[in-house]
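Taking it in order: structure first as structure tokens, then the write-up.
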Amino acid sequence: MIRGGVGILVDPIQLPTPNQPGFSQTTQFATTASFVPPFTATLSDPFPGGIQQPSGSSKGAGTYLGQAIAFFNPRIRNPYAVRWEFSIQRQLPGQMVLEVAYIGNHAMHLPINTNLNYIRDNS
């Protein structure tokens, strides 16, 4: 038996959530190292340390100091992958089957996250 196929899988562009310096704030969920009580956070109190409030414009030009640098590519394109497969299957004596296949994948325009503010290791 001979089989083959080709597919194109597209990952639609998802725009990033708006992040307005000073007016957006993320509160981390506190977790424990193990799954045994007592738990740091529970469903009735998921943020025991409170929810971090945004600073607004109270810090002026220093509102976003110490935060990560973010950049949205204005020329972003939909990432996609082309996959293909070709196989030959043959029944052998003794209720055995032999299959030989060639499978390939080629991806294009994949998003890459790059740290723009890293410290080089000069050791």
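Here's how to read the names in the structure tokens: chain A, B, ... by the order shown, residue numbers from 1 in each chain, ligand numbers from 1 in the order shown.
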
Write out as a PDB file with C-alpha atoms, in the first residue's frame each polymer residue whose atoms come within 7 Å of Gln89 in chain A, counting only C-alpha atoms; drop sequence neighbours fewer than 2 positions from it.
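File result09.pdb, as written:
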```
ATOM      1  CA  MET A   1       0.000   0.000   0.000  1.00  0.00           C
ATOM      2  CA  ILE A   2       1.277   3.488  -0.861  1.00  0.00           C
ATOM      3  CA  SER A  87       5.043   5.835   2.986  1.00  0.00           C
ATOM      4  CA  GLN A  91       2.640  -7.286   4.415  1.00  0.00           C
ATOM      5  CA  LEU A  98       7.062  -3.551   6.988  1.00  0.00           C
ATOM      6  CA  GLU A  99       6.574   0.186   6.527  1.00  0.00           C
ATOM      7  CA  VAL A 100       9.061   2.698   5.165  1.00  0.00           C
TER       8      VAL A 100
END
```

Which residues are near Thr26 in chain A? Cut-off 9 Å, only C-alpha atoms, ignore same chain within fewer than 5 positions. Put them as a VMD selection string. chain A and resid 51 to 54

For the strand (DSSP E) assignment from backbone DSSP, which residues of chain A qualify? Please present them as JSON, numbers by chain. {"A": [2, 3, 4, 5, 6, 7, 8, 9, 10, 80, 81, 82, 83, 84, 85, 86, 87, 88, 89, 90, 91, 92, 96, 97, 98, 99, 100, 101, 102, 103, 104, 105, 106, 107, 108]}

Just N, CA and C atoms for this one: save the residues we selected as a short mmCIF file (atom, residue, chain, number, x, y, z; two decimals), in the first residue's frame.
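part.cif, freshly written:
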```cif
data_model
loop_
_atom_site.label_atom_id
_atom_site.label_comp_id
_atom_site.auth_asym_id
_atom_site.auth_seq_id
_atom_site.Cartn_x
_atom_site.Cartn_y
_atom_site.Cartn_z
N ILE A 2 0.53 2.23 -0.78
CA ILE A 2 1.28 3.49 -0.86
C ILE A 2 0.38 4.60 -0.33
N ARG A 3 0.96 5.42 0.54
CA ARG A 3 0.23 6.55 1.13
C ARG A 3 1.06 7.81 1.01
N GLY A 4 0.37 8.94 0.97
CA GLY A 4 1.07 10.21 0.93
C GLY A 4 0.13 11.33 1.30
N GLY A 5 0.69 12.42 1.72
CA GLY A 5 -0.13 13.57 2.05
C GLY A 5 0.70 14.80 2.30
N VAL A 6 0.05 15.94 2.13
CA VAL A 6 0.68 17.23 2.37
C VAL A 6 -0.32 18.08 3.12
N GLY A 7 0.17 18.87 4.05
CA GLY A 7 -0.70 19.77 4.79
C GLY A 7 -0.02 21.09 5.09
N ILE A 8 -0.80 22.15 5.10
CA ILE A 8 -0.31 23.46 5.48
C ILE A 8 -1.08 23.87 6.73
N LEU A 9 -0.35 24.08 7.81
CA LEU A 9 -0.97 24.46 9.08
C LEU A 9 -0.60 25.90 9.38
N VAL A 10 -1.61 26.74 9.56
CA VAL A 10 -1.40 28.17 9.78
C VAL A 10 -1.78 28.51 11.21
N TYR A 80 3.46 29.67 9.59
CA TYR A 80 2.83 28.47 9.03
C TYR A 80 3.86 27.36 8.90
N ALA A 81 3.34 26.14 8.79
CA ALA A 81 4.21 24.97 8.60
C ALA A 81 3.65 24.13 7.47
N VAL A 82 4.56 23.66 6.62
CA VAL A 82 4.19 22.74 5.55
C VAL A 82 4.71 21.37 5.96
N ARG A 83 3.82 20.40 6.03
CA ARG A 83 4.21 19.04 6.42
C ARG A 83 3.85 18.07 5.30
N TRP A 84 4.73 17.09 5.11
CA TRP A 84 4.47 16.10 4.08
C TRP A 84 4.87 14.72 4.56
N GLU A 85 4.26 13.71 3.93
CA GLU A 85 4.51 12.32 4.32
C GLU A 85 4.31 11.43 3.10
N PHE A 86 5.21 10.48 2.95
CA PHE A 86 5.09 9.47 1.90
C PHE A 86 5.53 8.15 2.51
N SER A 87 4.68 7.12 2.39
CA SER A 87 5.04 5.84 2.99
C SER A 87 4.61 4.68 2.08
N ILE A 88 5.36 3.61 2.23
CA ILE A 88 5.05 2.35 1.53
C ILE A 88 4.94 1.27 2.59
N GLN A 89 3.85 0.52 2.54
CA GLN A 89 3.60 -0.53 3.53
C GLN A 89 3.44 -1.85 2.80
N ARG A 90 4.06 -2.87 3.36
CA ARG A 90 4.03 -4.19 2.71
C ARG A 90 3.81 -5.26 3.78
N GLN A 91 2.88 -6.18 3.49
CA GLN A 91 2.64 -7.29 4.41
C GLN A 91 3.65 -8.39 4.13
N LEU A 92 4.29 -8.86 5.20
CA LEU A 92 5.29 -9.92 5.08
C LEU A 92 4.70 -11.22 5.62
N MET A 96 3.46 -10.19 9.71
CA MET A 96 4.33 -9.04 9.97
C MET A 96 4.10 -7.99 8.89
N VAL A 97 4.34 -6.75 9.25
CA VAL A 97 4.18 -5.65 8.31
C VAL A 97 5.46 -4.82 8.31
N LEU A 98 5.91 -4.42 7.14
CA LEU A 98 7.06 -3.55 6.99
C LEU A 98 6.58 -2.23 6.40
N GLU A 99 6.97 -1.14 7.03
CA GLU A 99 6.57 0.19 6.53
C GLU A 99 7.80 1.07 6.48
N VAL A 100 7.98 1.74 5.36
CA VAL A 100 9.06 2.70 5.16
C VAL A 100 8.40 4.03 4.86
N ALA A 101 8.83 5.07 5.60
CA ALA A 101 8.17 6.37 5.44
C ALA A 101 9.18 7.49 5.40
N TYR A 102 8.81 8.55 4.70
CA TYR A 102 9.56 9.80 4.69
C TYR A 102 8.60 10.87 5.16
N ILE A 103 8.98 11.55 6.24
CA ILE A 103 8.14 12.57 6.83
C ILE A 103 8.95 13.85 6.92
N GLY A 104 8.36 14.97 6.52
CA GLY A 104 9.08 16.24 6.56
C GLY A 104 8.22 17.37 7.09
N ASN A 105 8.89 18.42 7.55
CA ASN A 105 8.22 19.59 8.08
C ASN A 105 9.08 20.82 7.78
N HIS A 106 8.45 21.88 7.32
CA HIS A 106 9.15 23.14 7.06
C HIS A 106 8.30 24.26 7.61
N ALA A 107 8.84 25.00 8.58
CA ALA A 107 8.09 26.08 9.23
C ALA A 107 8.66 27.43 8.80
N MET A 108 7.76 28.41 8.65
CA MET A 108 8.15 29.74 8.21
C MET A 108 7.52 30.81 9.11
#
```

Excluding Leu110 in chain A and its own-chain neighbours fewer than 6 positions away, which residues fall within 10 Å of it when counting only C-alpha atoms? Please give them as a list in words. Asp11, Ile76, Arg77, Asn78, Pro79, Tyr80 and Ala81 of chain A

Expected file: the selected residues, C-alpha atoms, as a short mmCIF file (atom, residue, chain, number, x, y, z; two decimals), in the first residue's frame:
```cif
data_model
loop_
_atom_site.label_atom_id
_atom_site.label_comp_id
_atom_site.auth_asym_id
_atom_site.auth_seq_id
_atom_site.Cartn_x
_atom_site.Cartn_y
_atom_site.Cartn_z
CA ASP A 11 -1.19 29.79 13.22
CA ILE A 76 4.47 40.54 11.43
CA ARG A 77 3.31 37.72 9.17
CA ASN A 78 1.25 34.62 9.89
CA PRO A 79 3.49 31.70 10.90
CA TYR A 80 2.83 28.47 9.03
CA ALA A 81 4.21 24.97 8.60
#
```

Pick from A:Phe72, A:Gln28, A:Pro46, A:Phe23, whichever lies nearest to Lys59 in chain A using only C-alpha atoms: A:Phe23
